[in-house]
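Enquirer: Input: one structure, supplied below.
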Amino acid sequence: MSKEKSPRNKTINTSIESGKAYLDRCITIDGFVNDISRILDKTILGDSLETLKYIPKESVDLIIADPPYNLTKKYNTKTFSKKSKDEYEKYTRKWLSLVMPILKPNGSIYVCCDWETSIIIGSVLDDYFKIQNRITWQREKGRGAKQNWKNGMEDIWFATKSNEYTFNLDAVKVRKKVMAPYRVNGTPKDWEETKHGNFRDTCPSNFWDDITIPFWSMPENTAHPTQKPEKLIAKMILASSNENDIVFDPFLGSGTTSVVAKKLNRHYFGIERDKQFCIWAEQRLEMANTNKNIQGYIDGVFWDRNLLSRKNNK
């Protein structure tokens, strides 16, 4: 007998049988798409390496890609097998060569990876795009190792198609607590005094240590083995796109990119080959109709971790 889930456990784990209505909302593509509006705000069920060739050229403003890391990992019914470095480089080059034509001339791309695949991805990415930065973000969860350092970081490569691109600095500033308030003539200097404390909105760096990995009591959590946090994706979308722009994810997984794009008033579409994950993506998109909250992002500001004790992120 299966163990009954706690009422506080919000993990999305809808089965294929129970989620047929969500799966029916997904589309498949078997030919060239002449009109991008046909696939906007949709979840595409299919293999990215086959489907990408049907997407119109220069049709999307932002690509957020979270390809399989070079690890043997089971994704529901399918397994990605660890490859040699040469094989993984060929795999990376294949999908990057397919997404590059889809991006608009002033578009941006972010690629998620671990430290080991980062070495390969960064090198290949440089052949197709203009690399602007490498972001490192801290995962507060992970297993320790007896003979090595615990892997607590992951990378995100930020690149653009040209030197003309969107970057909304004010949209991604981080609110931090002011430890030593400085005043000029009794007035706060570059910080704000509130009833909740003293804060300063600072320019974001390429090290992000304010991310919380989804866990069982968070509404965004699914049973996907490598789900990215909504807050993580929100930083990229807000920085590198504008409202009504088109955001695309070629490895959609449980739908985080599409969900966050919807919450932030962008158009979206993504490709996912697993029916189970497509169901969770569509279920989350439905939930986003009534709940547009993003954990850690309140009042148009990214709050540093643990600074929201007096804020209610319902």
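Ordering of the structure tokens sets the chain letters (A, B, ...); residue numbers start at 1 within each chain; ligands are numbered from 1 in the order shown.
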Quick one: residues within 12 Å of stretch 29-37 of chain A, only C-alpha atoms, excluding same-chain residues fewer than 4 positions away - as number ranges by chain?
Expert: A: 41-48, 50-60, 102, 246, 248, 267-273
Enquirer: Once you have the residues from the selection above, write them out as an mmCIF file, in the first residue's frame, restricted to C-alpha atoms.
Expert:
```
data_model
loop_
_atom_site.group_PDB
_atom_site.id
_atom_site.type_symbol
_atom_site.label_atom_id
_atom_site.label_comp_id
_atom_site.auth_asym_id
_atom_site.auth_seq_id
_atom_site.Cartn_x
_atom_site.Cartn_y
_atom_site.Cartn_z
ATOM 1 C CA ASP A 41 2.284 29.379 -24.960
ATOM 2 C CA LYS A 42 2.377 25.656 -25.701
ATOM 3 C CA THR A 43 4.189 22.590 -24.439
ATOM 4 C CA ILE A 44 5.592 20.592 -27.349
ATOM 5 C CA LEU A 45 5.847 16.846 -26.839
ATOM 6 C CA GLY A 46 8.832 15.575 -28.783
ATOM 7 C CA ASP A 47 12.577 15.064 -29.042
ATOM 8 C CA SER A 48 14.426 18.382 -29.190
ATOM 9 C CA GLU A 50 14.221 16.328 -34.111
ATOM 10 C CA THR A 51 11.775 19.130 -33.328
ATOM 11 C CA LEU A 52 14.174 22.094 -33.273
ATOM 12 C CA LYS A 53 14.615 22.039 -37.058
ATOM 13 C CA TYR A 54 10.918 22.920 -37.468
ATOM 14 C CA ILE A 55 11.016 26.131 -35.383
ATOM 15 C CA PRO A 56 11.070 29.401 -37.393
ATOM 16 C CA LYS A 57 14.405 31.174 -37.652
ATOM 17 C CA GLU A 58 14.997 34.313 -35.555
ATOM 18 C CA SER A 59 11.685 33.864 -33.761
ATOM 19 C CA VAL A 60 12.569 33.917 -30.047
ATOM 20 C CA ILE A 102 16.034 30.287 -33.775
ATOM 21 C CA ILE A 246 9.130 35.033 -26.451
ATOM 22 C CA PHE A 248 11.978 29.212 -25.285
ATOM 23 C CA HIS A 267 5.136 34.351 -24.179
ATOM 24 C CA TYR A 268 6.723 30.933 -23.964
ATOM 25 C CA PHE A 269 7.039 27.492 -25.465
ATOM 26 C CA GLY A 270 9.198 24.497 -24.719
ATOM 27 C CA ILE A 271 10.030 21.006 -25.917
ATOM 28 C CA GLU A 272 9.901 17.949 -23.659
ATOM 29 C CA ARG A 273 10.054 14.308 -24.739
#
```
Enquirer: Quick one: pick out all strand (DSSP E) residues within stretch 53-192 of chain A from a backbone DSSP run and write them as a PyMOL selection string.
Expert: chain A and resi 60-65+73-75+78-80+103-113+130-138+153-160+174-177+183-184+187-188+192
Enquirer: Going by DSSP on the backbone, which residues of stretch 100-300 of chain A come out as helix (DSSP H, G or I)? List them as number ranges by chain.
Expert: A: 100-102, 115-128, 169-172, 230-240, 256-263, 275-287
Enquirer: Using only C-alpha atoms, I'd like a table of the residues in stretch 135-251 of chain A that come within 12 Å of stretch 283-298 of chain A; for each, show the closest atom pair and its distance in Å rounded to one decimal, ordered by chain and ascending number, as JSON lines.
Expert:
```
{"residue": "A:Ala171", "atom": "CA", "partner": "A:Tyr297", "partner_atom": "CA", "distance": 10.6}
{"residue": "A:Val172", "atom": "CA", "partner": "A:Tyr297", "partner_atom": "CA", "distance": 9.6}
{"residue": "A:Lys173", "atom": "CA", "partner": "A:Tyr297", "partner_atom": "CA", "distance": 10.6}
{"residue": "A:Val174", "atom": "CA", "partner": "A:Tyr297", "partner_atom": "CA", "distance": 9.4}
{"residue": "A:Arg175", "atom": "CA", "partner": "A:Tyr297", "partner_atom": "CA", "distance": 9.9}
{"residue": "A:Asp210", "atom": "CA", "partner": "A:Gly296", "partner_atom": "CA", "distance": 8.3}
{"residue": "A:Ile211", "atom": "CA", "partner": "A:Gly296", "partner_atom": "CA", "distance": 8.1}
{"residue": "A:Thr212", "atom": "CA", "partner": "A:Gln295", "partner_atom": "CA", "distance": 8.4}
{"residue": "A:Ile213", "atom": "CA", "partner": "A:Gln295", "partner_atom": "CA", "distance": 10.3}
{"residue": "A:Pro214", "atom": "CA", "partner": "A:Gln295", "partner_atom": "CA", "distance": 9.5}
{"residue": "A:Phe215", "atom": "CA", "partner": "A:Gln295", "partner_atom": "CA", "distance": 11.7}
{"residue": "A:Met218", "atom": "CA", "partner": "A:Gln295", "partner_atom": "CA", "distance": 8.7}
{"residue": "A:Pro219", "atom": "CA", "partner": "A:Arg284", "partner_atom": "CA", "distance": 9.0}
{"residue": "A:Glu220", "atom": "CA", "partner": "A:Arg284", "partner_atom": "CA", "distance": 7.5}
{"residue": "A:Asn221", "atom": "CA", "partner": "A:Arg284", "partner_atom": "CA", "distance": 9.6}
{"residue": "A:Thr222", "atom": "CA", "partner": "A:Arg284", "partner_atom": "CA", "distance": 9.2}
{"residue": "A:Pro229", "atom": "CA", "partner": "A:Gln295", "partner_atom": "CA", "distance": 8.7}
{"residue": "A:Glu230", "atom": "CA", "partner": "A:Ile294", "partner_atom": "CA", "distance": 6.4}
{"residue": "A:Lys231", "atom": "CA", "partner": "A:Ile294", "partner_atom": "CA", "distance": 6.2}
{"residue": "A:Leu232", "atom": "CA", "partner": "A:Gly296", "partner_atom": "CA", "distance": 9.8}
{"residue": "A:Ile233", "atom": "CA", "partner": "A:Ile294", "partner_atom": "CA", "distance": 10.0}
{"residue": "A:Ala234", "atom": "CA", "partner": "A:Ile294", "partner_atom": "CA", "distance": 8.0}
{"residue": "A:Lys235", "atom": "CA", "partner": "A:Tyr297", "partner_atom": "CA", "distance": 9.3}
{"residue": "A:Leu238", "atom": "CA", "partner": "A:Tyr297", "partner_atom": "CA", "distance": 11.1}
```
Enquirer: What is the atom CA of A:Gln227-atom CA of A:Asn168 distance in Å, reported with one decimal?
Expert: 25.4 Å
Enquirer: So how far away is atom CA of A:Leu40 from atom CA of A:Tyr75, in Å?
Expert: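 Computing the Euclidean distance for atom CA of A:Tyr75 and atom CA of A:Leu40 yields 25.5 Å.
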Enquirer: Let me make sure I understand: among A:Pro105, A:Gly300, A:Gly255, A:Pro204, which one has the smallest atom-to-atom distance to A:Lys228 if we use only C-alpha atoms?
Expert: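 So, comparing all the options, the nearest one is A:Gly255.
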Enquirer: Restricting the calculation to only C-alpha atoms, which member of A:Lys83, A:Lys161, A:Arg8, A:His224 is positioned closest to A:Phe129?
Expert: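 Selected residue with least distance to A:Phe129: A:Lys161.
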Enquirer: May I ask which of the residues A:Ile120, A:Ile279, A:Val111, A:Leu252 is the closest one to A:Glu87, counting only C-alpha atoms?
Expert: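 The shortest atom-to-atom distance to A:Glu87 comes from A:Ile120.
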Enquirer: Any idea what's packed within 9 Å of A:Tyr69, counting only C-alpha atoms, ignoring anything in its chain fewer than 5 positions away? Could you give it as a VMD selection string?
Expert: chain A and resid 80 82 112 to 114 116 to 117
Enquirer: Residues of the last selection are to be written out with C-alpha atoms, as a CSV table (one decimal), in the first residue's frame.
Expert:
```csv
chain,number,residue,atom,x,y,z
A,80,PHE,CA,20.7,9.7,-20.3
A,82,LYS,CA,27.3,9.4,-19.4
A,112,CYS,CA,22.7,25.5,-17.2
A,113,CYS,CA,25.4,23.0,-16.3
A,114,ASP,CA,27.5,21.4,-13.5
A,116,GLU,CA,32.4,19.2,-15.2
A,117,THR,CA,30.1,19.8,-18.2
```
Enquirer: Residues near A:Thr202, anyone? I mean within 12 Å using only C-alpha atoms, not counting same-chain ones fewer than 4 positions away, as a PDB file with N, CA and C atoms, in the first residue's frame.
Expert:
```pdb
ATOM      1  N   LEU A 169      18.900  45.827 -15.836  1.00  0.00           N
ATOM      2  CA  LEU A 169      19.614  45.798 -14.554  1.00  0.00           C
ATOM      3  C   LEU A 169      18.682  46.049 -13.371  1.00  0.00           C
ATOM      4  N   ASP A 170      17.847  47.074 -13.461  1.00  0.00           N
ATOM      5  CA  ASP A 170      16.987  47.427 -12.320  1.00  0.00           C
ATOM      6  C   ASP A 170      16.013  46.310 -11.968  1.00  0.00           C
ATOM      7  N   ALA A 171      15.694  45.459 -12.926  1.00  0.00           N
ATOM      8  CA  ALA A 171      14.721  44.391 -12.689  1.00  0.00           C
ATOM      9  C   ALA A 171      15.300  43.239 -11.870  1.00  0.00           C
ATOM     10  N   VAL A 172      16.618  43.179 -11.753  1.00  0.00           N
ATOM     11  CA  VAL A 172      17.234  42.032 -11.072  1.00  0.00           C
ATOM     12  C   VAL A 172      18.133  42.440  -9.909  1.00  0.00           C
ATOM     13  N   LYS A 173      17.956  43.638  -9.414  1.00  0.00           N
ATOM     14  CA  LYS A 173      18.732  44.025  -8.236  1.00  0.00           C
ATOM     15  C   LYS A 173      18.309  43.190  -7.029  1.00  0.00           C
ATOM     16  N   VAL A 174      19.251  42.996  -6.122  1.00  0.00           N
ATOM     17  CA  VAL A 174      19.020  42.152  -4.945  1.00  0.00           C
ATOM     18  C   VAL A 174      18.895  43.029  -3.719  1.00  0.00           C
ATOM     19  N   ARG A 175      17.877  42.769  -2.909  1.00  0.00           N
ATOM     20  CA  ARG A 175      17.687  43.528  -1.678  1.00  0.00           C
ATOM     21  C   ARG A 175      18.467  42.868  -0.549  1.00  0.00           C
ATOM     22  N   LYS A 176      19.419  43.607   0.002  1.00  0.00           N
ATOM     23  CA  LYS A 176      20.263  43.089   1.077  1.00  0.00           C
ATOM     24  C   LYS A 176      20.110  43.944   2.335  1.00  0.00           C
ATOM     25  N   LYS A 177      20.330  43.330   3.465  1.00  0.00           N
ATOM     26  CA  LYS A 177      20.248  44.044   4.735  1.00  0.00           C
ATOM     27  C   LYS A 177      21.474  44.931   4.923  1.00  0.00           C
ATOM     28  N   VAL A 178      21.251  46.146   5.374  1.00  0.00           N
ATOM     29  CA  VAL A 178      22.342  47.087   5.629  1.00  0.00           C
ATOM     30  C   VAL A 178      22.836  46.878   7.064  1.00  0.00           C
ATOM     31  N   ASP A 190      22.030  55.902   0.087  1.00  0.00           N
ATOM     32  CA  ASP A 190      21.993  54.711  -0.769  1.00  0.00           C
ATOM     33  C   ASP A 190      21.388  53.495  -0.086  1.00  0.00           C
ATOM     34  N   TRP A 191      20.466  53.721   0.842  1.00  0.00           N
ATOM     35  CA  TRP A 191      19.736  52.617   1.450  1.00  0.00           C
ATOM     36  C   TRP A 191      18.378  53.133   1.912  1.00  0.00           C
ATOM     37  N   GLU A 192      17.494  52.205   2.265  1.00  0.00           N
ATOM     38  CA  GLU A 192      16.127  52.560   2.628  1.00  0.00           C
ATOM     39  C   GLU A 192      15.821  52.105   4.051  1.00  0.00           C
ATOM     40  N   VAL A 301      11.298  42.880  -6.361  1.00  0.00           N
ATOM     41  CA  VAL A 301      12.683  42.834  -5.884  1.00  0.00           C
ATOM     42  C   VAL A 301      13.050  41.402  -5.503  1.00  0.00           C
ATOM     43  N   PHE A 302      14.279  41.007  -5.820  1.00  0.00           N
ATOM     44  CA  PHE A 302      14.808  39.735  -5.346  1.00  0.00           C
ATOM     45  C   PHE A 302      15.381  39.951  -3.949  1.00  0.00           C
ATOM     46  N   TRP A 303      14.812  39.264  -2.980  1.00  0.00           N
ATOM     47  CA  TRP A 303      15.261  39.398  -1.600  1.00  0.00           C
ATOM     48  C   TRP A 303      16.352  38.386  -1.303  1.00  0.00           C
ATOM     49  N   ASP A 304      17.368  38.842  -0.594  1.00  0.00           N
ATOM     50  CA  ASP A 304      18.402  37.935  -0.131  1.00  0.00           C
ATOM     51  C   ASP A 304      17.751  36.877   0.751  1.00  0.00           C
TER      52      ASP A 304
END
```
Enquirer: Set the distance at 10 Å and use only C-alpha atoms: which residues neighbour A:Lys141 once local chain neighbours fewer than 3 positions away are removed? I'd like the list as a list in words.
Expert: Gln138, Gly144, Lys150, Asn151, Gly152, Met153, Thr212 and Ile213 of chain A
Enquirer: Taking C-alpha atoms for each residue, export the selection above as a PDB file, in the first residue's frame.
Expert:
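Now in result-v2.pdb:
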```pdb
ATOM      1  CA  GLN A 138      24.928  27.881  -4.818  1.00  0.00           C
ATOM      2  CA  GLY A 144      28.761  14.966   0.810  1.00  0.00           C
ATOM      3  CA  LYS A 150      30.857  18.338  -1.821  1.00  0.00           C
ATOM      4  CA  ASN A 151      29.438  19.677  -5.089  1.00  0.00           C
ATOM      5  CA  GLY A 152      27.484  22.709  -3.893  1.00  0.00           C
ATOM      6  CA  MET A 153      27.701  24.908  -7.008  1.00  0.00           C
ATOM      7  CA  THR A 212      16.352  27.892  -2.508  1.00  0.00           C
ATOM      8  CA  ILE A 213      16.024  24.465  -4.139  1.00  0.00           C
TER       9      ILE A 213
END
```
Enquirer: Interatomic distance between atom CA of A:Asn13 and atom CA of A:Lys262?
Expert: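 Distance between the two atoms: 21.2 Å.
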